[in-house]
$ cat model.pdb   # PDB, C-alpha atoms
MODEL        1
ATOM      1  CA  MET A 802     -13.655  11.679  21.808
ATOM      2  CA  SER A 803     -11.263   8.934  22.913
ATOM      3  CA  THR A 804      -7.745   8.558  21.567
ATOM      4  CA  SER A 805      -8.775   5.509  19.512
ATOM      5  CA  ASP A 806     -11.752   7.434  18.074
ATOM      6  CA  THR A 807      -9.378  10.232  17.104
ATOM      7  CA  ALA A 808      -6.962   7.779  15.510
ATOM      8  CA  ALA A 809      -9.776   5.931  13.729
ATOM      9  CA  SER A 810     -11.082   9.204  12.310
ATOM     10  CA  ALA A 811      -7.621   9.795  10.805
ATOM     11  CA  ALA A 812      -8.157   6.798   8.549
ATOM     12  CA  HIS A 813     -10.595   6.627   5.663
ATOM     13  CA  PRO A 814     -13.864   5.163   7.052
ATOM     14  CA  ARG A 815     -13.695   2.141   4.695
ATOM     15  CA  PHE A 816     -10.150   1.401   5.829
ATOM     16  CA  ALA A 817     -11.083   1.805   9.512
ATOM     17  CA  GLU A 818     -13.889  -0.715   8.920
ATOM     18  CA  ALA A 819     -11.456  -3.108   7.184
ATOM     19  CA  LEU A 820      -9.190  -2.939  10.238
ATOM     20  CA  ARG A 821     -12.148  -3.805  12.496
ATOM     21  CA  GLU A 822     -13.210  -6.688  10.241
ATOM     22  CA  LEU A 823      -9.672  -8.085  10.282
ATOM     23  CA  GLY A 824      -9.456  -7.828  14.076
ATOM     24  CA  LEU A 825      -6.754  -5.177  13.818
ATOM     25  CA  ASP A 826      -8.220  -2.720  16.321
ATOM     26  CA  ALA A 827      -4.756  -2.213  17.840
ATOM     27  CA  VAL A 828      -3.556  -0.803  14.498
ATOM     28  CA  THR A 829      -6.312   1.798  14.613
ATOM     29  CA  GLY A 830      -4.702   3.338  17.687
ATOM     30  CA  ARG A 831      -1.387   3.743  15.848
ATOM     31  CA  ILE A 832      -2.694   5.585  12.790
ATOM     32  CA  ARG A 833      -0.944   8.920  12.389
ATOM     33  CA  ARG A 834      -2.486  11.880  10.614
ATOM     34  CA  PHE A 835      -0.444  14.747   9.236
ATOM     35  CA  PRO A 836      -1.646  18.273   8.413
ATOM     36  CA  ASP A 837       0.165  18.180   5.079
ATOM     37  CA  ALA A 838      -0.402  15.466   2.518
ATOM     38  CA  THR A 839       2.010  12.561   2.388
ATOM     39  CA  ARG A 840       1.146  11.505  -1.182
ATOM     40  CA  THR A 841       4.692  10.502  -2.071
ATOM     41  CA  ALA A 842       6.960   8.060  -0.296
ATOM     42  CA  ALA A 843       9.473  10.842   0.311
ATOM     43  CA  GLU A 844       6.823  13.093   1.899
ATOM     44  CA  ALA A 845       5.610  10.236   4.099
ATOM     45  CA  ALA A 846       9.126   9.281   5.226
ATOM     46  CA  ALA A 847       9.932  12.906   6.079
ATOM     47  CA  ALA A 848       6.697  13.330   8.063
ATOM     48  CA  ILE A 849       7.135  10.061   9.969
ATOM     49  CA  GLY A 850      10.888  10.397  10.450
ATOM     50  CA  CYS A 851      11.709   6.994   8.984
ATOM     51  CA  GLY A 852      13.770   5.753   6.070
ATOM     52  CA  LEU A 853      12.343   5.876   2.557
ATOM     53  CA  GLY A 854      12.518   2.076   2.314
ATOM     54  CA  GLU A 855      10.177   1.757   5.315
ATOM     55  CA  ILE A 856       7.308   3.300   3.342
ATOM     56  CA  VAL A 857       4.944   0.960   1.494
ATOM     57  CA  LYS A 858       3.777   2.168  -1.892
ATOM     58  CA  SER A 859       0.446   0.602  -2.922
ATOM     59  CA  LEU A 860       0.499   0.876  -6.716
ATOM     60  CA  VAL A 861      -2.222  -0.280  -9.095
ATOM     61  CA  PHE A 862      -1.300  -1.670 -12.491
ATOM     62  CA  GLU A 863      -3.385  -3.206 -15.241
ATOM     63  CA  ALA A 864      -2.249  -6.599 -16.534
ATOM     64  CA  ASP A 865      -4.088  -7.339 -19.782
ATOM     65  CA  GLY A 866      -6.722  -4.880 -18.533
ATOM     66  CA  VAL A 867      -7.129  -6.559 -15.112
ATOM     67  CA  PRO A 868      -6.140  -4.534 -12.034
ATOM     68  CA  VAL A 869      -3.320  -5.810  -9.836
ATOM     69  CA  LEU A 870      -1.924  -4.142  -6.719
ATOM     70  CA  VAL A 871       1.836  -4.059  -6.234
ATOM     71  CA  LEU A 872       3.246  -3.330  -2.777
ATOM     72  CA  MET A 873       6.736  -1.853  -3.055
ATOM     73  CA  ASP A 874       9.107  -0.186  -0.620
ATOM     74  CA  GLY A 875       9.377   3.567  -1.017
ATOM     75  CA  ALA A 876      13.035   3.530  -2.029
ATOM     76  CA  SER A 877      12.477   1.240  -5.011
ATOM     77  CA  ARG A 878      10.716   1.312  -8.358
ATOM     78  CA  VAL A 879       8.526  -1.391  -9.851
ATOM     79  CA  ASP A 880       9.962  -3.168 -12.885
ATOM     80  CA  VAL A 881       6.867  -3.467 -15.089
ATOM     81  CA  GLU A 882       8.498  -6.191 -17.185
ATOM     82  CA  ARG A 883       9.078  -8.305 -14.082
ATOM     83  CA  VAL A 884       5.425  -7.803 -13.093
ATOM     84  CA  ARG A 885       4.383  -8.870 -16.599
ATOM     85  CA  GLN A 886       6.512 -12.008 -16.364
ATOM     86  CA  GLU A 887       5.259 -12.809 -12.849
ATOM     87  CA  LEU A 888       1.641 -12.607 -14.017
ATOM     88  CA  GLY A 889       2.184 -14.219 -17.410
ATOM     89  CA  ALA A 890       0.467 -11.209 -18.974
ATOM     90  CA  ALA A 891       0.881  -9.904 -22.498
ATOM     91  CA  ALA A 892       0.954  -6.263 -21.335
ATOM     92  CA  VAL A 893       1.204  -4.390 -18.029
ATOM     93  CA  LYS A 894       0.814  -0.651 -17.501
ATOM     94  CA  ARG A 895       0.209   1.763 -14.617
ATOM     95  CA  ALA A 896      -3.476   2.258 -13.960
ATOM     96  CA  GLY A 897      -4.907   5.744 -14.330
ATOM     97  CA  ALA A 898      -6.444   7.684 -11.454
ATOM     98  CA  ASP A 899     -10.009   6.651 -12.356
ATOM     99  CA  ALA A 900      -9.080   2.957 -12.524
ATOM    100  CA  VAL A 901      -7.271   3.206  -9.176
ATOM    101  CA  ARG A 902     -10.333   4.736  -7.517
ATOM    102  CA  GLU A 903     -12.732   2.245  -9.163
ATOM    103  CA  THR A 904     -10.575  -0.705  -8.079
ATOM    104  CA  THR A 905      -9.618   0.362  -4.573
ATOM    105  CA  GLY A 906     -12.095   3.053  -3.582
ATOM    106  CA  TYR A 907      -9.214   5.386  -2.725
ATOM    107  CA  ALA A 908      -7.358   8.195  -4.480
ATOM    108  CA  ILE A 909      -3.750   7.864  -5.590
ATOM    109  CA  GLY A 910      -1.533   8.899  -2.686
ATOM    110  CA  GLY A 911      -3.844   7.371  -0.095
ATOM    111  CA  VAL A 912      -4.275   3.770  -1.300
ATOM    112  CA  PRO A 913      -3.819   1.338   1.603
ATOM    113  CA  PRO A 914      -2.554  -2.214   1.080
ATOM    114  CA  PHE A 915      -5.964  -3.734   1.915
ATOM    115  CA  GLY A 916      -9.580  -2.696   2.557
ATOM    116  CA  HIS A 917     -10.389  -2.104  -1.114
ATOM    117  CA  LEU A 918     -13.723  -1.976  -2.937
ATOM    118  CA  THR A 919     -12.842  -4.974  -5.094
ATOM    119  CA  LYS A 920     -10.908  -8.186  -4.589
ATOM    120  CA  THR A 921      -7.648  -7.582  -6.439
ATOM    121  CA  ARG A 922      -4.592  -9.752  -6.929
ATOM    122  CA  VAL A 923      -1.714  -8.437  -4.786
ATOM    123  CA  LEU A 924       2.002  -8.803  -5.457
ATOM    124  CA  ALA A 925       4.304  -7.788  -2.594
ATOM    125  CA  ASP A 926       7.950  -7.183  -3.333
ATOM    126  CA  ARG A 927      10.278  -9.209  -1.132
ATOM    127  CA  GLY A 928      12.258  -6.047  -0.307
ATOM    128  CA  LEU A 929       9.554  -5.068   2.195
ATOM    129  CA  LEU A 930      10.775  -7.872   4.455
ATOM    130  CA  ALA A 931      14.086  -6.051   4.996
ATOM    131  CA  HIS A 932      12.381  -3.891   7.645
ATOM    132  CA  SER A 933      10.913  -4.732  11.039
ATOM    133  CA  VAL A 934       8.159  -2.133  10.596
ATOM    134  CA  VAL A 935       6.778  -0.476   7.486
ATOM    135  CA  TRP A 936       4.352   2.418   7.091
ATOM    136  CA  ALA A 937       1.438   2.424   4.646
ATOM    137  CA  ALA A 938      -1.381   4.787   3.727
ATOM    138  CA  ALA A 939      -4.539   4.475   5.816
ATOM    139  CA  GLY A 940      -6.862   5.450   2.972
ATOM    140  CA  THR A 941      -6.097   9.161   2.789
ATOM    141  CA  PRO A 942      -3.087  11.210   1.632
ATOM    142  CA  HIS A 943      -2.810  12.499   5.217
ATOM    143  CA  SER A 944      -2.785   9.271   7.222
ATOM    144  CA  VAL A 945      -0.440   6.306   7.676
ATOM    145  CA  PHE A 946      -0.156   3.270   9.908
ATOM    146  CA  PRO A 947       2.736   1.028  10.993
ATOM    147  CA  MET A 948       2.779  -2.756  10.737
ATOM    148  CA  ASP A 949       5.341  -5.494  10.476
ATOM    149  CA  PRO A 950       5.718  -6.350   6.784
ATOM    150  CA  THR A 951       4.843 -10.036   7.103
ATOM    151  CA  SER A 952       1.494  -9.199   8.727
ATOM    152  CA  LEU A 953       0.829  -6.436   6.206
ATOM    153  CA  ILE A 954       1.456  -8.781   3.270
ATOM    154  CA  THR A 955      -0.682 -11.497   4.864
ATOM    155  CA  HIS A 956      -3.627  -9.136   5.483
ATOM    156  CA  ALA A 957      -3.317  -7.816   1.935
ATOM    157  CA  GLY A 958      -3.434 -11.382   0.594
ATOM    158  CA  GLY A 959      -0.153 -10.710  -1.151
ATOM    159  CA  THR A 960       2.133 -13.092  -2.970
ATOM    160  CA  LEU A 961       5.832 -12.496  -2.287
ATOM    161  CA  VAL A 962       7.676 -11.707  -5.519
ATOM    162  CA  ASP A 963      10.781  -9.947  -6.813
ATOM    163  CA  VAL A 964       9.493  -7.136  -9.021
ATOM    164  CA  ARG A 965      11.820  -4.308  -8.012
ATOM    165  CA  GLU A 966      13.952  -2.620 -10.654
ATOM    166  CA  ARG A 967      17.462  -3.953 -10.456
ATOM    167  CA  GLU A 968      20.283  -1.476 -10.154
ATOM    168  CA  ALA A 969      22.411  -1.234 -13.277
TER     169      ALA A 969
ENDMDL
END
$ encode --input "model.pdb" --output "structure tokens"
Amino acid sequence: MSTSDTAASAAHPRFAEALRELGLDAVTGRIRRFPDATRTAAEAAAAIGCGLGEIVKSLVFEADGVPVLVLMDGASRVDVERVRQELGAAAVKRAGADAVRETTGYAIGGVPPFGHLTKTRVLADRGLLAHSVVWAAAGTPHSVFPMDPTSLITHAGGTLVDVREREA
């Protein structure tokens, strides 16, 4: 098995296919797999050896019952009220595990920023742009990949927004 085959097998097959479809074969070779799960941003940062803010959290919310993906840096929290205002929704809440899997095709802790089962609106917090490289899940709780944040947001079809909780 070649190095790229090994790296590709570290990603979820649907995500590996999404990378191929997007012409991102070079990313496939940079996927890293860890023996222990990296379900949380803190676990991922520790495993990679990067700062918490360099981790991309792919979080699914429901805005008036419609799924929306929010990409947020690992050091920050999503302000649900700001998401609600951004979308012009009456109500926004975190999606449950079943809704996340139905929307994305992935389990919580392994949701990548793109390559989902369904076309979902994506909001990307501007704070991601503070880093030259960010790390995101590659479809499993054990695998991550690096990418510059502008490319990641573009491939995710994200709209740049400010939805991070403000410090008091």
$ closest_atom_pairs --input "model.pdb" --of "segment 861-969 of chain A" --to "segment 833-838 of chain A" --cutoff "12 Å" --atoms "only C-alpha atoms" --output "tab-separated table"
residue	atom	partner	partner_atom	distance
A:Ile909	CA	A:Ala838	CA	11.6
A:Gly910	CA	A:Ala838	CA	8.5
A:Gly911	CA	A:Ala838	CA	9.2
A:Trp936	CA	A:Arg833	CA	9.9
A:Ala937	CA	A:Arg833	CA	10.4
A:Ala938	CA	A:Arg833	CA	9.6
A:Ala939	CA	A:Arg833	CA	8.7
A:Gly940	CA	A:Arg834	CA	10.9
A:Thr941	CA	A:Ala838	CA	8.5
A:Pro942	CA	A:Ala838	CA	5.1
A:His943	CA	A:Ala838	CA	4.7
A:Ser944	CA	A:Arg834	CA	4.3
A:Val945	CA	A:Arg833	CA	5.4
A:Phe946	CA	A:Arg833	CA	6.2
A:Pro947	CA	A:Arg833	CA	8.8
$ resolve_selection --input "model.pdb" --expression "the PyMOL selection byres ((chain A and resi 950-966) around 10)" --output "PDB file with C-alpha atoms, in the coordinates of the input"
ATOM      1  CA  LEU A 820      -9.190  -2.939  10.238  1.00  0.00           C
ATOM      2  CA  LEU A 823      -9.672  -8.085  10.282  1.00  0.00           C
ATOM      3  CA  LEU A 825      -6.754  -5.177  13.818  1.00  0.00           C
ATOM      4  CA  GLU A 855      10.177   1.757   5.315  1.00  0.00           C
ATOM      5  CA  VAL A 857       4.944   0.960   1.494  1.00  0.00           C
ATOM      6  CA  LEU A 870      -1.924  -4.142  -6.719  1.00  0.00           C
ATOM      7  CA  VAL A 871       1.836  -4.059  -6.234  1.00  0.00           C
ATOM      8  CA  LEU A 872       3.246  -3.330  -2.777  1.00  0.00           C
ATOM      9  CA  MET A 873       6.736  -1.853  -3.055  1.00  0.00           C
ATOM     10  CA  ASP A 874       9.107  -0.186  -0.620  1.00  0.00           C
ATOM     11  CA  ALA A 876      13.035   3.530  -2.029  1.00  0.00           C
ATOM     12  CA  SER A 877      12.477   1.240  -5.011  1.00  0.00           C
ATOM     13  CA  ARG A 878      10.716   1.312  -8.358  1.00  0.00           C
ATOM     14  CA  VAL A 879       8.526  -1.391  -9.851  1.00  0.00           C
ATOM     15  CA  ASP A 880       9.962  -3.168 -12.885  1.00  0.00           C
ATOM     16  CA  VAL A 881       6.867  -3.467 -15.089  1.00  0.00           C
ATOM     17  CA  GLU A 882       8.498  -6.191 -17.185  1.00  0.00           C
ATOM     18  CA  ARG A 883       9.078  -8.305 -14.082  1.00  0.00           C
ATOM     19  CA  VAL A 884       5.425  -7.803 -13.093  1.00  0.00           C
ATOM     20  CA  ARG A 885       4.383  -8.870 -16.599  1.00  0.00           C
ATOM     21  CA  GLN A 886       6.512 -12.008 -16.364  1.00  0.00           C
ATOM     22  CA  GLU A 887       5.259 -12.809 -12.849  1.00  0.00           C
ATOM     23  CA  PRO A 913      -3.819   1.338   1.603  1.00  0.00           C
ATOM     24  CA  PRO A 914      -2.554  -2.214   1.080  1.00  0.00           C
ATOM     25  CA  PHE A 915      -5.964  -3.734   1.915  1.00  0.00           C
ATOM     26  CA  GLY A 916      -9.580  -2.696   2.557  1.00  0.00           C
ATOM     27  CA  HIS A 917     -10.389  -2.104  -1.114  1.00  0.00           C
ATOM     28  CA  LYS A 920     -10.908  -8.186  -4.589  1.00  0.00           C
ATOM     29  CA  THR A 921      -7.648  -7.582  -6.439  1.00  0.00           C
ATOM     30  CA  ARG A 922      -4.592  -9.752  -6.929  1.00  0.00           C
ATOM     31  CA  VAL A 923      -1.714  -8.437  -4.786  1.00  0.00           C
ATOM     32  CA  LEU A 924       2.002  -8.803  -5.457  1.00  0.00           C
ATOM     33  CA  ALA A 925       4.304  -7.788  -2.594  1.00  0.00           C
ATOM     34  CA  ASP A 926       7.950  -7.183  -3.333  1.00  0.00           C
ATOM     35  CA  ARG A 927      10.278  -9.209  -1.132  1.00  0.00           C
ATOM     36  CA  GLY A 928      12.258  -6.047  -0.307  1.00  0.00           C
ATOM     37  CA  LEU A 929       9.554  -5.068   2.195  1.00  0.00           C
ATOM     38  CA  LEU A 930      10.775  -7.872   4.455  1.00  0.00           C
ATOM     39  CA  ALA A 931      14.086  -6.051   4.996  1.00  0.00           C
ATOM     40  CA  HIS A 932      12.381  -3.891   7.645  1.00  0.00           C
ATOM     41  CA  SER A 933      10.913  -4.732  11.039  1.00  0.00           C
ATOM     42  CA  VAL A 934       8.159  -2.133  10.596  1.00  0.00           C
ATOM     43  CA  VAL A 935       6.778  -0.476   7.486  1.00  0.00           C
ATOM     44  CA  TRP A 936       4.352   2.418   7.091  1.00  0.00           C
ATOM     45  CA  ALA A 937       1.438   2.424   4.646  1.00  0.00           C
ATOM     46  CA  PRO A 947       2.736   1.028  10.993  1.00  0.00           C
ATOM     47  CA  MET A 948       2.779  -2.756  10.737  1.00  0.00           C
ATOM     48  CA  ASP A 949       5.341  -5.494  10.476  1.00  0.00           C
ATOM     49  CA  ARG A 967      17.462  -3.953 -10.456  1.00  0.00           C
ATOM     50  CA  GLU A 968      20.283  -1.476 -10.154  1.00  0.00           C
ATOM     51  CA  ALA A 969      22.411  -1.234 -13.277  1.00  0.00           C
TER      52      ALA A 969
END
$ atom_distance --input "model.pdb" --atom1 "atom CA of Ala864 of chain A" --atom2 "atom CA of Val893 of chain A"
4.4 Å
$ atom_distance --input "model.pdb" --atom1 "atom CA of Gly897 of chain A" --atom2 "atom CA of Ala811 of chain A"
25.6 Å
$ atom_distance --input "model.pdb" --atom1 "atom CA of Gly830 of chain A" --atom2 "atom CA of Tyr907 of chain A"
21.0 Å
$ closest_residue --input "model.pdb" --among "A:Ala892, A:Ile832, A:Ala827, A:Val861" --to "Gly906 of chain A" --atoms "only C-alpha atoms"
A:Val861
$ closest_residue --input "model.pdb" --among "A:Val869, A:Ala843, A:Leu860, A:Ala908" --to "Leu888 of chain A" --atoms "only C-alpha atoms"
A:Val869
